[in-house]
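Notes follow the structure.
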Amino acid sequence: MIAHYGYADGSGEYYIIIDTDRCNGCEECVKVCPQGVLEVALDDYDKAVARVKEDVVKSIHFVCWGYHRRCASEESNCHAVCSQDAISHTW
Amino acid sequence: MITAGVDIGSLTGKALILEDNNIVAWSLIPTNPDSSVTVQRAMDAALEKAHMSLDDLDYVVSTGYGRLVVPFAQRNVTEISCHAKGAHWFFPEVRTILDMGGQDCKAIRCDDTGKVTNFAMNDKCAAGAGRSMEVMADLLQVPLDDLGELSLQIVDAMVPISNTCVVFAKSEALSHLRRGKHRSDILAGVCEALATRVHSLMQRVGIESEFVISGGIAKNIGIVKRLTDKTGLTPRISFEPQVVGALGAALFAQESLRREQQA
């Protein structure tokens with residue numbers, strides 16, 4: 001399942017996209033995120049997968065620094081530590 | 001096997017009782033500021049129609065915004081999965097679902113078993129939810145049930161609404177009204193803006209036939225017609241589009257019960 005977490009507003013589209021079929025629940029992305037955006041939890045089909053925390057989704061643009069905008073140039077980031085290529089960003 | 005699904009939304013509460021493959025009864029009530037009151041009323045209304053009591057139910061699943069406050073539910077499932085499952089029960093060929101309630105809007109893709117393969121949800125902004133329709137109905141003094149029909153009866157030309165935000169769009173609509181524009185033409189602009197917004201959410205997950213619309217918005221012919229034009233697909237709408245989530249929850253209840261019985 002491709003899960004889009006975030007929203008589009010007047011200034012742009014801000015989604016973190018997680019492919020839960022690829023995700024193996026390893027939690028590397030959870031640990032590396034400097035803003036604590038992610039967590040691993042059971043989905044509706046009883047698989048432990050990464051997702052954006054419920055109380056972060058609606059303010060995602062203010063909490064997540066943005067992969068392309070900032071974290072891609074950091075030493076490590078959620079895309080780099082994911083061995084399954086399960087996470088992507090629209091900004 | 002008798003199961004029930006309870007869908008507690010932001011504006012309405014729904015309960016549905018399923019016996020094997022038949023919908024026995026369902027309820028649709030406005031929410032109360034006290035969620036536990038909404039839950040109780042929705043469940044009681046459905047039980048009364050079914051001439052049943054809570055003890056007759058083998059398993060209950062809750063869903064929706066208020067899914068964590070249903071004390072008699074054995075399990076809760078997100079409304080995204082429930083809407084896919086419910087839509088699939090009505091229309092097994094469904095692959096794309098648009099559900100819009102009072103405060104949110106979801107675009108869902110599913111496979112041929114009703115399992116979610118892709119989804120995106122907007123629950124941040126009223127501009128992409130039923131609330132925007134309520135605001136305009138109230139401003140233009142049009143009953144909400146008639147708004148959609150009126151938006152199709154354009155007199156001169158659709159009045160484009162440029163503001164993304166419902167709060168500003170309301171002021172914009174008011175200024176058009178004062179300048180003598182017809183209510184229908186203003187509503188056409190309002191519905192066009194909402195349909196465009198919703199369509200772009202759907203494009204994020206991709207659009208594939210069959211296309212089902214659920215939630216209160218399915219009763220708005222102005223939005224349904226515009227989405228038909230934009231997607232090139234004729235949407236399928238169930239006899240009561242607002243209970244699709246509760247039905248999906250009742251179906252999840254059946255699955256959970258079967259798993260328990262086999263264990």
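Lettering and numbering for the structure tokens are positional, with chains as A, B, ... in the shown order, residues counted from 1 in each chain, and ligands counted from 1 in the shown order.
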
Exercise: range 4-14 of chain B partners within 6 Å, only C-alpha atoms, chain neighbours under 4 positions left out, as a list in words: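 My reading of the contact set: Leu18, Ser27, Leu28, Ile29, Pro30, Thr31, Ala42, Val60, Val61, Ser62, Thr63, Gly64, Tyr65, Gly66, Gly102, Ala246, Leu247, Ala249 and Ala250 of chain B.
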
- request: Return as an MDAnalysis selection string the residues belonging to chain B that are within 6 Å of chain A, counting only C-alpha atoms.
  value: chainID B and resid 77 117:120 122 124

message: Would you pick out the contacts of range 46-51 of chain A at 7 Å or less, using only C-alpha atoms, so that residues sharing its chain but fewer than 3 positions from it are not included, and give the list as a PyMOL selection string?
response: chain A and resi 20+23-25+38-43

Using the selection just defined, write its residues with N, CA and C atoms as an mmCIF file, in the first residue's frame.
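For reference, again_28.cif as written:
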```cif
data_model
loop_
_atom_site.group_PDB
_atom_site.id
_atom_site.type_symbol
_atom_site.label_atom_id
_atom_site.label_comp_id
_atom_site.auth_asym_id
_atom_site.auth_seq_id
_atom_site.Cartn_x
_atom_site.Cartn_y
_atom_site.Cartn_z
ATOM 1 N N THR A 20 4.151 0.616 2.100
ATOM 2 C CA THR A 20 4.120 -0.335 3.221
ATOM 3 C C THR A 20 4.364 -1.775 2.783
ATOM 4 N N CYS A 23 8.183 -1.726 3.129
ATOM 5 C CA CYS A 23 8.673 -1.453 4.485
ATOM 6 C C CYS A 23 8.721 -2.730 5.315
ATOM 7 N N ASN A 24 9.840 -2.934 6.030
ATOM 8 C CA ASN A 24 9.972 -4.125 6.871
ATOM 9 C C ASN A 24 9.948 -3.780 8.365
ATOM 10 N N GLY A 25 9.607 -2.541 8.700
ATOM 11 C CA GLY A 25 9.471 -2.167 10.103
ATOM 12 C C GLY A 25 10.781 -2.111 10.864
ATOM 13 N N LEU A 38 8.504 10.221 12.423
ATOM 14 C CA LEU A 38 8.044 8.871 12.090
ATOM 15 C C LEU A 38 7.916 7.953 13.296
ATOM 16 N N GLU A 39 7.122 6.903 13.118
ATOM 17 C CA GLU A 39 7.029 5.833 14.107
ATOM 18 C C GLU A 39 6.646 4.552 13.376
ATOM 19 N N VAL A 40 6.844 3.417 14.031
ATOM 20 C CA VAL A 40 6.420 2.139 13.444
ATOM 21 C C VAL A 40 5.231 1.642 14.247
ATOM 22 N N ALA A 41 4.178 1.219 13.549
ATOM 23 C CA ALA A 41 2.974 0.728 14.226
ATOM 24 C C ALA A 41 2.280 -0.284 13.324
ATOM 25 N N LEU A 42 1.365 -1.068 13.919
ATOM 26 C CA LEU A 42 0.603 -2.047 13.145
ATOM 27 C C LEU A 42 -0.400 -1.338 12.258
ATOM 28 N N ASP A 43 -0.446 -1.711 10.977
ATOM 29 C CA ASP A 43 -1.463 -1.122 10.101
ATOM 30 C C ASP A 43 -2.749 -1.945 10.186
#
```

message: Quick check for you: according to DSSP on this backbone, which residues of range 53-197 of chain B are classed as alpha helix (DSSP H)? Reply as a PyMOL selection string.
response: chain B and resi 79-90+130-139+144-151+166-178+183-197

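Interatomic distance, CA of Ser151 in chain B to CA of Thr228 in chain B: 14.9 Å.
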
message: Neighbouring residues of Glu75 in chain A were defined as those with any atom within 12 Å, considering only C-alpha atoms; residues of the same chain fewer than 4 positions away were excluded. Please report them as number ranges by chain.
response: A: 32-34, 70-71, 79-81

- request: Would you return as a ChimeraX atom specification the members of range 52-192 of chain B that DSSP assigns to strand (DSSP E) on this structure's backbone?
  value: /B:59-63,75-76,96-100,105-110,116-122

message: Which residues are close to Gly215 in chain B, i.e. within 9 Å by only C-alpha atoms, leaving aside same-chain residues fewer than 2 positions away? Reply as a ChimeraX atom specification.
response: /B:98-102,213,217-219,240-245

For N, CA and C atoms, I'd like the residues from the last selection saved as a short mmCIF file (atom, residue, chain, number, x, y, z; two decimals), in the first residue's frame.
```cif
data_model
loop_
_atom_site.label_atom_id
_atom_site.label_comp_id
_atom_site.auth_asym_id
_atom_site.auth_seq_id
_atom_site.Cartn_x
_atom_site.Cartn_y
_atom_site.Cartn_z
N LEU B 98 -13.63 7.81 -3.74
CA LEU B 98 -13.52 9.15 -3.17
C LEU B 98 -14.51 9.21 -2.03
N ASP B 99 -14.02 9.46 -0.83
CA ASP B 99 -14.92 9.61 0.31
C ASP B 99 -14.75 11.02 0.86
N MET B 100 -15.84 11.74 0.94
CA MET B 100 -15.74 13.08 1.55
C MET B 100 -16.83 13.25 2.59
N GLY B 101 -16.39 13.55 3.80
CA GLY B 101 -17.33 13.81 4.87
C GLY B 101 -17.33 15.27 5.23
N GLY B 102 -17.71 15.57 6.46
CA GLY B 102 -17.79 16.96 6.88
C GLY B 102 -16.45 17.65 6.96
N ILE B 213 -18.10 6.95 -5.22
CA ILE B 213 -18.09 8.11 -4.31
C ILE B 213 -18.90 7.76 -3.07
N ILE B 217 -20.92 13.86 0.40
CA ILE B 217 -20.72 14.56 -0.87
C ILE B 217 -21.38 13.82 -2.05
N ALA B 218 -21.58 12.51 -1.89
CA ALA B 218 -22.19 11.73 -2.98
C ALA B 218 -23.62 12.19 -3.26
N LYS B 219 -24.20 12.88 -2.26
CA LYS B 219 -25.56 13.37 -2.43
C LYS B 219 -25.61 14.75 -3.08
N GLU B 240 -27.11 4.26 0.20
CA GLU B 240 -26.87 5.22 1.27
C GLU B 240 -25.36 5.41 1.38
N PRO B 241 -24.83 6.43 0.69
CA PRO B 241 -23.37 6.57 0.60
C PRO B 241 -22.70 6.87 1.94
N GLN B 242 -23.46 7.29 2.94
CA GLN B 242 -22.84 7.64 4.20
C GLN B 242 -22.58 6.45 5.12
N VAL B 243 -23.06 5.26 4.78
CA VAL B 243 -22.82 4.11 5.67
C VAL B 243 -21.74 3.17 5.16
N VAL B 244 -21.06 3.57 4.09
CA VAL B 244 -20.04 2.70 3.50
C VAL B 244 -18.94 2.35 4.52
N GLY B 245 -18.55 3.34 5.34
CA GLY B 245 -17.52 3.10 6.34
C GLY B 245 -17.98 2.12 7.41
#
```

field: Atom pair CA of Ile161 in chain B / CA of Gln103 in chain B: separation (Å)
entry: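 Interatomic distance, CA of Ile161 in chain B to CA of Gln103 in chain B: 20.4 Å.
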
- request: Could you give me, as number ranges by chain, the residues within 12 Å of Asn77 in chain A, counting only C-alpha atoms and dropping anything in the same chain fewer than 4 positions from it?
  value: A: 28-36, 64-68, 70-73, 81-82, 87-89

- request: Point out the residue among B:Ser53, B:Leu139, B:Asp123, B:Ser214 with the least atom-to-atom distance to Gly248 in chain B, counting only C-alpha atoms.
  value: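 Smallest separation from Gly248 in chain B among the options: B:Ser214.
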
query: Distance CA of Asn22 in chain B-CA of Gly86 in chain B, one decimal place?
result: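 Atom-to-atom, CA of Asn22 in chain B to CA of Gly86 in chain B, that is 12.8 Å.
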
What lies within 8 Å of Val69 in chain B using only C-alpha atoms, ignoring chain neighbours under 6 positions off, as a PDB file with N, CA and C atoms, in the first residue's frame?
```pdb
ATOM      1  N   SER B  35     -18.897  12.549  22.545  1.00  0.00           N
ATOM      2  CA  SER B  35     -18.777  11.392  21.644  1.00  0.00           C
ATOM      3  C   SER B  35     -19.500  10.166  22.155  1.00  0.00           C
ATOM      4  N   SER B  36     -19.481   9.954  23.472  1.00  0.00           N
ATOM      5  CA  SER B  36     -20.105   8.733  23.997  1.00  0.00           C
ATOM      6  C   SER B  36     -21.615   8.758  23.764  1.00  0.00           C
ATOM      7  N   VAL B  39     -22.111   7.770  20.062  1.00  0.00           N
ATOM      8  CA  VAL B  39     -21.905   6.328  19.907  1.00  0.00           C
ATOM      9  C   VAL B  39     -23.141   5.568  20.370  1.00  0.00           C
TER      10      VAL B  39
END
```
